[in-house]
Structure formats: C-alpha cells, structure tokens
Amino acid sequence: MTNWNDIIVALATPQGIGAIGVVRLSGAGCIELVNDMFPSKDLLAVPGNSLHVGVLRDGHVSLDEVVVSIFKNPRSYTGEDIVELSCHGSPYIQQRVIEACIRHGARLATPGEFTLRAFLNGKMDLVQAEAVADLIASGTQAAQETALNHVRGGFSHVLTALREELIKFSALIELELDFSQEDVEFADRTALRSLLHEIDKTVYSLLDSFRLGNVIKNGVSVAIIGKPNAGKSTLLNALLNENRAIVSSIAGTTRDTIEEVLNIDGILFRLIDTAGIREGADEIESIGVEKSREKMRTADLVLYLFDAPSETVETFGSMKQELESTAKAWLMIGNKVDNKVQLESVQQKFSNEDVLYISAKEQHQLDALKKAITEKVISGSLHTEQTIVTNARHYQSLQKVADSLRAIQIGMDGGLTGDLLAIDIKQCLYHLGTITGNISNEDQLDFIFSKFCIGK
C-alpha cells in the first residue's frame, strides 16, 4: 500500500525467449514517461485504447522497435493510466526496456500489484481479483470456466445481494433503537425470519459446492492399489494411452509409486500406480508396499484392482472391509475379465458385490471405468456456469457467516432485544464483507496478492 502514487513496471509475459514480450507500466505519469522514450509520435496527443508503432529509445540508444498500447484512466485494467510495450521476445531486450523505464522514474512492481491497484481503485472486488490468479493457473476447461465466472462477478453478485438485504434489516433495527422508549418495531420479524431462511439456504449451497470446487481447482488424487500382478501398471498405461509404467509377469515389478495426470471431462485426476500390497520379498519392496498404504491413506479416491478370476471371496471381503474403515471414496475393479465366459464366472462368484469388471490388457470397459471414477467425485453433471466456491478463504468465511446466521436465529427465538440482535447481524455482515473485500486489512491484502505473478 506504500508508494501508492508510483509508476510501476513489470514484464507481463512469461520469462524466456518468445516472439514478443510485453512490458507493462501503470500509474499517473506513465504515458509521459514512455513519451520521453518514444520519438516516433507524441503519445500525449493520442486517444486511449490505441496502438502506435515506433522505435523505443533510452537517450541516444535505440532499444527496440515496439508497439505501444495506451489505456487511459479509468478505462484500464488498474483504473489508472496504463502503457504496454510489446517488444521482441529476447530476455535481454525485455530487461533493457525495463531498466530504461526504471531510469526514467518507474519502479519494479511487487507481486500482484497491478491487480491490487485494480481492486483498490474499484475495478473489481476481492473475489474477482483472486479469480484472476485462478484463471491464470487454470489447467482444465472446468477450472477455466469456474474462474471466469468469478472474474465476471458471478459469485460476487450472489454475495452482494445477500449483504444488501441484511443491511436493510440492520438499518431498520438500528432505527428502532432510536425509538426504544416508544416500543415500536420497524423491522418485520417475520420477514427477517424468511430472509434468514433464504440466506441460510444460499450459504449452505455455497458451502456444499466447495467439495466440487476443490476438485475443479486442485484435481483428485487416485491411488491404484492391489496385489502384485493384478494389472495396476497395465491399467495406468491403458488410461494414459502410453507405456508409462513397466509391465512384467514378474511379481513386484513396481517398487515405487508412479504418478501421472489424466483429464477426464474437465477434471484433473492424479493417478498413482503403487507397489503391490503383500508381505515384501525384500527390503526395497517392503518400502514400496508401505508407500502404497500411505498413498491409500492420503488419496481422495482409491481404486482396488484385483485379478477377478483368481481372487477369493475372503480376500475380496477383507480388502473391502479395510476400505470401508477409511471413510474414503473407493471402487472395486475386477481385472483380467477378457471374455464373456470369464465375466459370467466372476459375476457369479461376487454376485452380491458392487464390482466393475474390466480388462486393462484388452482395454475393455475403460470408458465405463472413467465414468465411474468421475461419478465418485461429482454428483450428476458438472455445471460450471453455477456459482461454485473454489477458494479456501471464501469457504472459511462462509462457515463464519453460517454461524452468525445461526446466532441471529437463536437470538430471535429467545426474544433477544434489538440492540443485541443488531450486533449479531453486523457480525454476519462483517464476514460477508471479508469475502468480497468490503472489509479488509492491509495484512490480508498483502498475503493474497503476494501469490500473484509480478506482472499481474
């Protein structure tokens, strides 16, 4: 928040060699600064949202031929004057351009400072600002669409509507306090109860969406476990459609975990091929088995893969019981079911069990397996146009909002006086405000924006 009136400069494109690099400046006077380095045209006389080609100079030294983009306040990303210099993508040229800008009066931007200025200048709220970072980091269509919905204000609109309704009632209750001796009620308690019920439904809907939001943003870790030679590595290779893991008829080939990422319907699944679970034949394999159990304990979803024709009902039941005790999502997958005769045989053996039968070697039923995996983490279809909470900070604040709503309802049921009721409502408003940034502190903003890249 210090040096608020400075002109800031940073590279807005990734480090490294490319076709072009974009150096961004923001702040009052940045157009004048660049104009002194750009003899090709008087930038002070050009309109905003315009592009200009010419040579950028530092004194008598030509730096590069650039495209200068001019954005004038308030119609810019930060709400300030912005200049973007599109130069050639040599790291040497980019660095020289930045150094020249600093010599002419700019300073290097801190992480996230451009977006911080956009927030402080009212161009976006805190939810939208944080969504910018999520949008940059998005690795799937679902993550991109969810972040874009937040950037466009989808989540903010929901919270703003809730907050405005509560503010109205808070104002009426505050007004009652001025007429306490007359014993009048300006705020309709029945209407307030109805409003609290609707807000409560919305808040709990948002809280429930966080599980899905976390999946969209961070992906799902999937541990493939089973005995040696159950076909775990073959399954991993089949799902990835490449020979990522060594496949052998020798038991215990996989001695360490192998992790790869698979995109299924816009969700990232981190598949973990583990060592076969058995009493290790040697010290190294024993370490691999212990790692397998650790991955099983920490994974979001466990796939127990077993050799369906040779697996016994007793072993199957024991493993199922162990999985049920973990309270994790899991799937029982019978492998090596290569033909109809085998399918009928294993279905009869495990007639009362919920098992998905596949052939990893022949790649039979892999689409059904992908669907089953997705359904374990997503209930129904994925609708990213809906408001989905993906940020842990937002989730924690919503939990506090829910607690405050509960306190208001308990207070009303107990006949709490207006002054005490007003305190509970203000507490609820406070927690809603911390999400959008209506209420924030410098330490909180420093923490949030420090996670951004320098040029954003």
# chains A, B, ... in the order shown; residues from 1 in each chain; ligands from 1
>>> residues_around(residues="A:Leu192", least_positions_apart="2", cutoff="10 Å", atoms="only C-alpha atoms", output="list of chain:residue names")
A:Glu165, A:Leu166, A:Phe169, A:Ser170, A:Ala187, A:Asp188, A:Arg189, A:Thr190, A:Ser194, A:Leu195, A:Leu196, A:His197, A:Glu198, A:Ile408, A:Gln409, A:Met412
>>> write_last_selection(atoms="C-alpha atoms", output="mmCIF file, in the first residue's frame")
data_model
loop_
_atom_site.group_PDB
_atom_site.id
_atom_site.type_symbol
_atom_site.label_atom_id
_atom_site.label_comp_id
_atom_site.auth_asym_id
_atom_site.auth_seq_id
_atom_site.Cartn_x
_atom_site.Cartn_y
_atom_site.Cartn_z
ATOM 1 C CA GLU A 165 -30.867 -7.459 2.098
ATOM 2 C CA LEU A 166 -29.234 -7.876 5.501
ATOM 3 C CA PHE A 169 -32.876 -5.036 8.088
ATOM 4 C CA SER A 170 -29.858 -3.921 10.064
ATOM 5 C CA ALA A 187 -38.209 -4.336 11.066
ATOM 6 C CA ASP A 188 -40.791 -7.018 10.354
ATOM 7 C CA ARG A 189 -39.536 -10.024 12.345
ATOM 8 C CA THR A 190 -41.496 -12.477 10.185
ATOM 9 C CA SER A 194 -37.953 -15.566 5.950
ATOM 10 C CA LEU A 195 -34.883 -13.678 4.729
ATOM 11 C CA LEU A 196 -32.605 -15.541 7.126
ATOM 12 C CA HIS A 197 -34.018 -18.838 5.869
ATOM 13 C CA GLU A 198 -33.279 -17.902 2.243
ATOM 14 C CA ILE A 408 -29.327 -14.431 14.802
ATOM 15 C CA GLN A 409 -31.985 -17.133 14.574
ATOM 16 C CA MET A 412 -34.843 -14.148 17.649
#
>>> select_by_dssp(residues="stretch 54-238 of chain A", states="helix (DSSP H, G or I)", output="PyMOL selection string")
chain A and resi 91-103+113-120+126-137+141-151+154-178+180-182+189-218+232-238
>>> residues_around(residues="A:Ala368", least_positions_apart="6", cutoff="10 Å", atoms="only C-alpha atoms", output="PyMOL selection string")
chain A and resi 356-358+374
>>> residues_around(residues="A:Glu344", least_positions_apart="6", cutoff="12 Å", atoms="only C-alpha atoms", output="PDB file with C-alpha atoms, in the first residue's frame")
ATOM      1  CA  ALA A 308     -11.071 -61.278 -10.786  1.00  0.00           C
ATOM      2  CA  PRO A 309     -10.701 -64.925 -11.951  1.00  0.00           C
ATOM      3  CA  VAL A 337     -12.050 -60.344 -17.446  1.00  0.00           C
ATOM      4  CA  ASP A 338     -11.212 -60.827 -21.123  1.00  0.00           C
ATOM      5  CA  PHE A 350     -19.070 -61.950  -6.494  1.00  0.00           C
ATOM      6  CA  SER A 351     -22.811 -61.893  -7.062  1.00  0.00           C
ATOM      7  CA  TYR A 357     -15.277 -55.650 -14.387  1.00  0.00           C
TER       8      TYR A 357
END
>>> residues_around(residues="A:Ser138", least_positions_apart="3", cutoff="12 Å", atoms="only C-alpha atoms", output="MDAnalysis selection string")
chainID A and resid 131:135 141:148 216:219 266:268 390
>>> write_last_selection(atoms="C-alpha atoms", output="PDB file, in the first residue's frame")
ATOM      1  CA  ALA A 131     -10.212 -15.340  -9.526  1.00  0.00           C
ATOM      2  CA  VAL A 132      -7.726 -13.642 -11.856  1.00  0.00           C
ATOM      3  CA  ALA A 133      -4.954 -15.760 -10.308  1.00  0.00           C
ATOM      4  CA  ASP A 134      -7.148 -18.878 -10.576  1.00  0.00           C
ATOM      5  CA  LEU A 135      -7.842 -18.110 -14.236  1.00  0.00           C
ATOM      6  CA  GLN A 141     -11.881 -26.339 -19.096  1.00  0.00           C
ATOM      7  CA  ALA A 142     -13.812 -26.736 -15.840  1.00  0.00           C
ATOM      8  CA  ALA A 143     -11.230 -24.710 -13.882  1.00  0.00           C
ATOM      9  CA  GLN A 144     -11.144 -22.038 -16.576  1.00  0.00           C
ATOM     10  CA  GLU A 145     -14.926 -21.706 -16.782  1.00  0.00           C
ATOM     11  CA  THR A 146     -15.341 -21.568 -12.999  1.00  0.00           C
ATOM     12  CA  ALA A 147     -12.624 -18.924 -12.594  1.00  0.00           C
ATOM     13  CA  LEU A 148     -14.044 -16.899 -15.479  1.00  0.00           C
ATOM     14  CA  ILE A 216     -12.097 -28.490 -10.078  1.00  0.00           C
ATOM     15  CA  LYS A 217      -9.274 -26.303  -8.821  1.00  0.00           C
ATOM     16  CA  ASN A 218      -6.843 -28.837  -7.363  1.00  0.00           C
ATOM     17  CA  GLY A 219      -7.759 -32.104  -9.046  1.00  0.00           C
ATOM     18  CA  GLY A 266     -12.545 -31.320 -17.473  1.00  0.00           C
ATOM     19  CA  ILE A 267     -11.335 -32.719 -14.128  1.00  0.00           C
ATOM     20  CA  LEU A 268      -7.665 -33.472 -13.426  1.00  0.00           C
ATOM     21  CA  THR A 390     -13.127 -22.889  -5.056  1.00  0.00           C
TER      22      THR A 390
END
>>> residues_around(residues="stretch 400-404 of chain A", least_positions_apart="6", cutoff="12 Å", atoms="only C-alpha atoms", output="PDB file with N, CA and C atoms, in the first residue's frame")
ATOM      1  N   LEU A 159     -23.219 -12.789  -3.329  1.00  0.00           N
ATOM      2  CA  LEU A 159     -22.888 -12.270  -2.000  1.00  0.00           C
ATOM      3  C   LEU A 159     -23.411 -10.851  -1.799  1.00  0.00           C
ATOM      4  N   LEU A 162     -27.127 -10.873  -0.989  1.00  0.00           N
ATOM      5  CA  LEU A 162     -27.366 -11.281   0.400  1.00  0.00           C
ATOM      6  C   LEU A 162     -27.043 -10.136   1.355  1.00  0.00           C
ATOM      7  N   ARG A 163     -25.929  -9.490   1.121  1.00  0.00           N
ATOM      8  CA  ARG A 163     -25.460  -8.432   2.022  1.00  0.00           C
ATOM      9  C   ARG A 163     -26.412  -7.231   2.007  1.00  0.00           C
ATOM     10  N   LEU A 166     -29.526  -7.924   4.066  1.00  0.00           N
ATOM     11  CA  LEU A 166     -29.234  -7.876   5.501  1.00  0.00           C
ATOM     12  C   LEU A 166     -28.999  -6.441   5.978  1.00  0.00           C
ATOM     13  N   LEU A 196     -33.669 -14.725   6.551  1.00  0.00           N
ATOM     14  CA  LEU A 196     -32.605 -15.541   7.126  1.00  0.00           C
ATOM     15  C   LEU A 196     -32.650 -16.968   6.594  1.00  0.00           C
ATOM     16  N   HIS A 197     -33.864 -17.478   6.415  1.00  0.00           N
ATOM     17  CA  HIS A 197     -34.018 -18.838   5.869  1.00  0.00           C
ATOM     18  C   HIS A 197     -33.469 -18.911   4.452  1.00  0.00           C
ATOM     19  N   GLU A 198     -33.759 -17.907   3.628  1.00  0.00           N
ATOM     20  CA  GLU A 198     -33.279 -17.902   2.243  1.00  0.00           C
ATOM     21  C   GLU A 198     -31.765 -17.735   2.195  1.00  0.00           C
ATOM     22  N   ILE A 199     -31.231 -16.844   3.034  1.00  0.00           N
ATOM     23  CA  ILE A 199     -29.784 -16.645   3.068  1.00  0.00           C
ATOM     24  C   ILE A 199     -29.092 -17.919   3.540  1.00  0.00           C
ATOM     25  N   ASP A 200     -29.686 -18.552   4.530  1.00  0.00           N
ATOM     26  CA  ASP A 200     -29.127 -19.786   5.067  1.00  0.00           C
ATOM     27  C   ASP A 200     -29.052 -20.862   3.981  1.00  0.00           C
ATOM     28  N   LYS A 201     -30.111 -20.987   3.198  1.00  0.00           N
ATOM     29  CA  LYS A 201     -30.125 -21.964   2.100  1.00  0.00           C
ATOM     30  C   LYS A 201     -29.018 -21.665   1.102  1.00  0.00           C
ATOM     31  N   THR A 202     -28.870 -20.385   0.749  1.00  0.00           N
ATOM     32  CA  THR A 202     -27.854 -19.989  -0.227  1.00  0.00           C
ATOM     33  C   THR A 202     -26.455 -20.248   0.302  1.00  0.00           C
ATOM     34  N   VAL A 203     -26.218 -19.884   1.564  1.00  0.00           N
ATOM     35  CA  VAL A 203     -24.895 -20.071   2.161  1.00  0.00           C
ATOM     36  C   VAL A 203     -24.521 -21.547   2.224  1.00  0.00           C
ATOM     37  N   TYR A 204     -25.469 -22.403   2.651  1.00  0.00           N
ATOM     38  CA  TYR A 204     -25.162 -23.826   2.736  1.00  0.00           C
ATOM     39  C   TYR A 204     -24.999 -24.458   1.356  1.00  0.00           C
ATOM     40  N   SER A 205     -25.693 -23.912   0.370  1.00  0.00           N
ATOM     41  CA  SER A 205     -25.492 -24.369  -1.003  1.00  0.00           C
ATOM     42  C   SER A 205     -24.082 -24.036  -1.472  1.00  0.00           C
ATOM     43  N   LEU A 206     -23.612 -22.835  -1.127  1.00  0.00           N
ATOM     44  CA  LEU A 206     -22.245 -22.441  -1.480  1.00  0.00           C
ATOM     45  C   LEU A 206     -21.217 -23.287  -0.737  1.00  0.00           C
ATOM     46  N   LEU A 207     -21.482 -23.553   0.543  1.00  0.00           N
ATOM     47  CA  LEU A 207     -20.566 -24.396   1.325  1.00  0.00           C
ATOM     48  C   LEU A 207     -20.490 -25.807   0.744  1.00  0.00           C
ATOM     49  N   ARG A 393     -10.267 -19.626   1.535  1.00  0.00           N
ATOM     50  CA  ARG A 393     -10.558 -18.437   2.344  1.00  0.00           C
ATOM     51  C   ARG A 393     -12.041 -18.106   2.295  1.00  0.00           C
ATOM     52  N   HIS A 394     -12.633 -18.211   1.116  1.00  0.00           N
ATOM     53  CA  HIS A 394     -14.062 -17.947   0.981  1.00  0.00           C
ATOM     54  C   HIS A 394     -14.868 -18.971   1.779  1.00  0.00           C
ATOM     55  N   ILE A 410     -31.179 -17.950  16.736  1.00  0.00           N
ATOM     56  CA  ILE A 410     -31.323 -18.319  18.149  1.00  0.00           C
ATOM     57  C   ILE A 410     -31.739 -17.101  18.967  1.00  0.00           C
ATOM     58  N   GLY A 411     -31.145 -15.947  18.645  1.00  0.00           N
ATOM     59  CA  GLY A 411     -31.493 -14.714  19.337  1.00  0.00           C
ATOM     60  C   GLY A 411     -32.945 -14.318  19.140  1.00  0.00           C
ATOM     61  N   LEU A 421     -29.564  -7.964  18.833  1.00  0.00           N
ATOM     62  CA  LEU A 421     -29.805  -8.553  17.522  1.00  0.00           C
ATOM     63  C   LEU A 421     -29.001  -7.818  16.453  1.00  0.00           C
ATOM     64  N   ALA A 422     -28.907  -6.500  16.605  1.00  0.00           N
ATOM     65  CA  ALA A 422     -28.146  -5.689  15.650  1.00  0.00           C
ATOM     66  C   ALA A 422     -26.674  -6.089  15.649  1.00  0.00           C
ATOM     67  N   ILE A 423     -26.140  -6.449  16.814  1.00  0.00           N
ATOM     68  CA  ILE A 423     -24.740  -6.867  16.908  1.00  0.00           C
ATOM     69  C   ILE A 423     -24.505  -8.152  16.116  1.00  0.00           C
ATOM     70  N   ASP A 424     -25.429  -9.113  16.259  1.00  0.00           N
ATOM     71  CA  ASP A 424     -25.302 -10.382  15.530  1.00  0.00           C
ATOM     72  C   ASP A 424     -25.389 -10.168  14.023  1.00  0.00           C
ATOM     73  N   ILE A 425     -26.287  -9.284  13.586  1.00  0.00           N
ATOM     74  CA  ILE A 425     -26.428  -9.017  12.155  1.00  0.00           C
ATOM     75  C   ILE A 425     -25.165  -8.344  11.621  1.00  0.00           C
ATOM     76  N   LYS A 426     -24.606  -7.415  12.405  1.00  0.00           N
ATOM     77  CA  LYS A 426     -23.367  -6.755  11.985  1.00  0.00           C
ATOM     78  C   LYS A 426     -22.226  -7.759  11.850  1.00  0.00           C
ATOM     79  N   GLN A 427     -22.207  -8.747  12.746  1.00  0.00           N
ATOM     80  CA  GLN A 427     -21.172  -9.773  12.679  1.00  0.00           C
ATOM     81  C   GLN A 427     -21.309 -10.579  11.391  1.00  0.00           C
ATOM     82  N   CYS A 428     -22.534 -10.894  11.022  1.00  0.00           N
ATOM     83  CA  CYS A 428     -22.791 -11.626   9.784  1.00  0.00           C
ATOM     84  C   CYS A 428     -22.369 -10.785   8.574  1.00  0.00           C
ATOM     85  N   LEU A 429     -22.714  -9.499   8.589  1.00  0.00           N
ATOM     86  CA  LEU A 429     -22.328  -8.587   7.506  1.00  0.00           C
ATOM     87  C   LEU A 429     -20.809  -8.476   7.396  1.00  0.00           C
ATOM     88  N   TYR A 430     -20.156  -8.485   8.547  1.00  0.00           N
ATOM     89  CA  TYR A 430     -18.693  -8.389   8.553  1.00  0.00           C
ATOM     90  C   TYR A 430     -18.070  -9.567   7.813  1.00  0.00           C
ATOM     91  N   HIS A 431     -18.526 -10.770   8.122  1.00  0.00           N
ATOM     92  CA  HIS A 431     -17.950 -11.959   7.494  1.00  0.00           C
ATOM     93  C   HIS A 431     -18.258 -12.007   5.999  1.00  0.00           C
ATOM     94  N   LEU A 432     -19.435 -11.565   5.596  1.00  0.00           N
ATOM     95  CA  LEU A 432     -19.742 -11.470   4.164  1.00  0.00           C
ATOM     96  C   LEU A 432     -18.817 -10.456   3.498  1.00  0.00           C
ATOM     97  N   GLY A 433     -18.574  -9.350   4.192  1.00  0.00           N
ATOM     98  CA  GLY A 433     -17.731  -8.294   3.632  1.00  0.00           C
ATOM     99  C   GLY A 433     -16.284  -8.700   3.469  1.00  0.00           C
ATOM    100  N   THR A 434     -15.791  -9.599   4.337  1.00  0.00           N
ATOM    101  CA  THR A 434     -14.399 -10.031   4.211  1.00  0.00           C
ATOM    102  C   THR A 434     -14.166 -10.856   2.941  1.00  0.00           C
ATOM    103  N   ILE A 435     -15.216 -11.485   2.430  1.00  0.00           N
ATOM    104  CA  ILE A 435     -15.066 -12.292   1.212  1.00  0.00           C
ATOM    105  C   ILE A 435     -14.847 -11.397   0.008  1.00  0.00           C
TER     106      ILE A 435
END
>>> closest_residue(among="A:Met332, A:Val127, A:Asn35, A:Ile136", to="A:Thr160", atoms="only C-alpha atoms")
A:Val127
>>> closest_residue(among="A:Val9, A:Ile173, A:Gln365, A:His60", to="A:Pro111", atoms="only C-alpha atoms")
A:Val9
>>> residues_around(residues="A:Leu236", least_positions_apart="2", cutoff="10 Å", atoms="only C-alpha atoms", output="list in words")
Ile224, Gly231, Lys232, Ser233, Thr234, Ala238, Leu239, Leu240, Asn241, Glu242, Asn243, Arg244, Ala245, Ile258, Glu259, Glu260, Leu262, Leu271, Ile272, Asp273 and Ala360 of chain A
>>> select_by_dssp(residues="stretch 86-272 of chain A", states="strand (DSSP E)", output="MDAnalysis selection string")
chainID A and resid 86:89 107:108 220:225 258:264 267:272
>>> write_last_selection(atoms="C-alpha atoms", output="mmCIF file, in the first residue's frame")
data_model
loop_
_atom_site.group_PDB
_atom_site.id
_atom_site.type_symbol
_atom_site.label_atom_id
_atom_site.label_comp_id
_atom_site.auth_asym_id
_atom_site.auth_seq_id
_atom_site.Cartn_x
_atom_site.Cartn_y
_atom_site.Cartn_z
ATOM 1 C CA SER A 86 5.196 -5.044 -26.964
ATOM 2 C CA CYS A 87 8.842 -5.654 -27.796
ATOM 3 C CA HIS A 88 10.683 -8.596 -29.307
ATOM 4 C CA GLY A 89 10.836 -11.643 -27.027
ATOM 5 C CA ARG A 107 9.910 1.241 -10.065
ATOM 6 C CA LEU A 108 9.603 -2.515 -10.346
ATOM 7 C CA VAL A 220 -8.268 -35.526 -7.464
ATOM 8 C CA SER A 221 -5.562 -37.918 -6.275
ATOM 9 C CA VAL A 222 -6.417 -41.505 -7.232
ATOM 10 C CA ALA A 223 -4.427 -44.392 -5.743
ATOM 11 C CA ILE A 224 -4.490 -47.639 -7.742
ATOM 12 C CA ILE A 225 -3.829 -50.402 -5.227
ATOM 13 C CA ILE A 258 4.374 -43.607 -10.284
ATOM 14 C CA GLU A 259 2.183 -40.526 -10.687
ATOM 15 C CA GLU A 260 0.622 -39.175 -13.888
ATOM 16 C CA VAL A 261 -2.202 -36.734 -14.641
ATOM 17 C CA LEU A 262 -5.326 -37.654 -16.614
ATOM 18 C CA ASN A 263 -8.005 -35.198 -17.731
ATOM 19 C CA ILE A 264 -11.495 -36.727 -17.635
ATOM 20 C CA ILE A 267 -11.335 -32.719 -14.128
ATOM 21 C CA LEU A 268 -7.665 -33.472 -13.426
ATOM 22 C CA PHE A 269 -7.085 -36.882 -11.875
ATOM 23 C CA ARG A 270 -3.616 -37.586 -10.491
ATOM 24 C CA LEU A 271 -3.282 -41.348 -10.998
ATOM 25 C CA ILE A 272 -0.864 -43.076 -8.629
#
>>> closest_residue(among="A:Leu11, A:Leu25, A:Asn73, A:Phe38", to="A:Ile93", atoms="only C-alpha atoms")
A:Leu11
>>> closest_residue(among="A:Ser450, A:Thr315, A:Asn5, A:Asn49", to="A:Ala28", atoms="only C-alpha atoms")
A:Asn5
>>> closest_residue(among="A:Ile388, A:Ala19, A:Ile82, A:Val67", to="A:Gly48", atoms="only C-alpha atoms")
A:Ile82
>>> atom_distance(atom1="atom CA of A:Leu126", atom2="atom CA of A:Gly437")
4.9 Å
>>> closest_residue(among="A:Leu235, A:Ile70, A:Ala106, A:Ile98", to="A:Leu33", atoms="only C-alpha atoms")
A:Ala106
>>> atom_distance(atom1="atom CA of A:Ser209", atom2="atom CA of A:Tyr395")
9.5 Å
>>> atom_distance(atom1="atom CA of A:Asp413", atom2="atom CA of A:Ile167")
20.6 Å
>>> decode(residues="stretch 305-325 of chain A", atoms="N, CA and C atoms", output="mmCIF file, in the first residue's frame")
data_model
loop_
_atom_site.group_PDB
_atom_site.id
_atom_site.type_symbol
_atom_site.label_atom_id
_atom_site.label_comp_id
_atom_site.auth_asym_id
_atom_site.auth_seq_id
_atom_site.Cartn_x
_atom_site.Cartn_y
_atom_site.Cartn_z
ATOM 1 N N LEU A 305 -7.772 -52.746 -7.444
ATOM 2 C CA LEU A 305 -7.757 -53.566 -8.649
ATOM 3 C C LEU A 305 -7.350 -54.983 -8.265
ATOM 4 N N PHE A 306 -8.159 -55.947 -8.685
ATOM 5 C CA PHE A 306 -7.835 -57.335 -8.337
ATOM 6 C C PHE A 306 -8.024 -58.238 -9.551
ATOM 7 N N ASP A 307 -7.293 -59.344 -9.528
ATOM 8 C CA ASP A 307 -7.381 -60.364 -10.579
ATOM 9 C C ASP A 307 -8.681 -61.126 -10.347
ATOM 10 N N ALA A 308 -9.731 -60.743 -11.069
ATOM 11 C CA ALA A 308 -11.071 -61.278 -10.786
ATOM 12 C C ALA A 308 -11.156 -62.800 -10.869
ATOM 13 N N PRO A 309 -10.577 -63.466 -11.889
ATOM 14 C CA PRO A 309 -10.701 -64.925 -11.951
ATOM 15 C C PRO A 309 -10.038 -65.648 -10.782
ATOM 16 N N SER A 310 -8.936 -65.090 -10.219
ATOM 17 C CA SER A 310 -8.201 -65.811 -9.168
ATOM 18 C C SER A 310 -8.456 -65.279 -7.761
ATOM 19 N N GLU A 311 -9.081 -64.115 -7.631
ATOM 20 C CA GLU A 311 -9.334 -63.530 -6.304
ATOM 21 C C GLU A 311 -10.340 -64.384 -5.532
ATOM 22 N N THR A 312 -10.077 -64.584 -4.256
ATOM 23 C CA THR A 312 -11.025 -65.326 -3.415
ATOM 24 C C THR A 312 -12.037 -64.359 -2.796
ATOM 25 N N VAL A 313 -13.189 -64.887 -2.466
ATOM 26 C CA VAL A 313 -14.233 -64.069 -1.849
ATOM 27 C C VAL A 313 -13.755 -63.549 -0.495
ATOM 28 N N GLU A 314 -12.975 -64.367 0.218
ATOM 29 C CA GLU A 314 -12.492 -63.976 1.546
ATOM 30 C C GLU A 314 -11.518 -62.795 1.451
ATOM 31 N N THR A 315 -10.573 -62.867 0.496
ATOM 32 C CA THR A 315 -9.605 -61.782 0.318
ATOM 33 C C THR A 315 -10.315 -60.508 -0.128
ATOM 34 N N PHE A 316 -11.267 -60.679 -1.030
ATOM 35 C CA PHE A 316 -12.039 -59.528 -1.508
ATOM 36 C C PHE A 316 -12.760 -58.866 -0.334
ATOM 37 N N GLY A 317 -13.421 -59.667 0.500
ATOM 38 C CA GLY A 317 -14.181 -59.120 1.628
ATOM 39 C C GLY A 317 -13.295 -58.404 2.624
ATOM 40 N N SER A 318 -12.101 -58.968 2.861
ATOM 41 C CA SER A 318 -11.166 -58.352 3.801
ATOM 42 C C SER A 318 -10.704 -56.982 3.301
ATOM 43 N N MET A 319 -10.404 -56.894 1.987
ATOM 44 C CA MET A 319 -9.955 -55.608 1.421
ATOM 45 C C MET A 319 -11.088 -54.595 1.412
ATOM 46 N N LYS A 320 -12.285 -55.056 1.124
ATOM 47 C CA LYS A 320 -13.437 -54.153 1.115
ATOM 48 C C LYS A 320 -13.681 -53.588 2.509
ATOM 49 N N GLN A 321 -13.556 -54.452 3.505
ATOM 50 C CA GLN A 321 -13.742 -54.011 4.896
ATOM 51 C C GLN A 321 -12.697 -52.967 5.279
ATOM 52 N N GLU A 322 -11.467 -53.157 4.824
ATOM 53 C CA GLU A 322 -10.400 -52.194 5.113
ATOM 54 C C GLU A 322 -10.694 -50.844 4.452
ATOM 55 N N LEU A 323 -11.188 -50.885 3.223
ATOM 56 C CA LEU A 323 -11.514 -49.640 2.513
ATOM 57 C C LEU A 323 -12.682 -48.924 3.186
ATOM 58 N N GLU A 324 -13.672 -49.665 3.609
ATOM 59 C CA GLU A 324 -14.834 -49.065 4.270
ATOM 60 C C GLU A 324 -14.439 -48.371 5.569
ATOM 61 N N SER A 325 -13.404 -48.889 6.232
ATOM 62 C CA SER A 325 -12.966 -48.298 7.505
ATOM 63 C C SER A 325 -12.255 -46.964 7.309
#
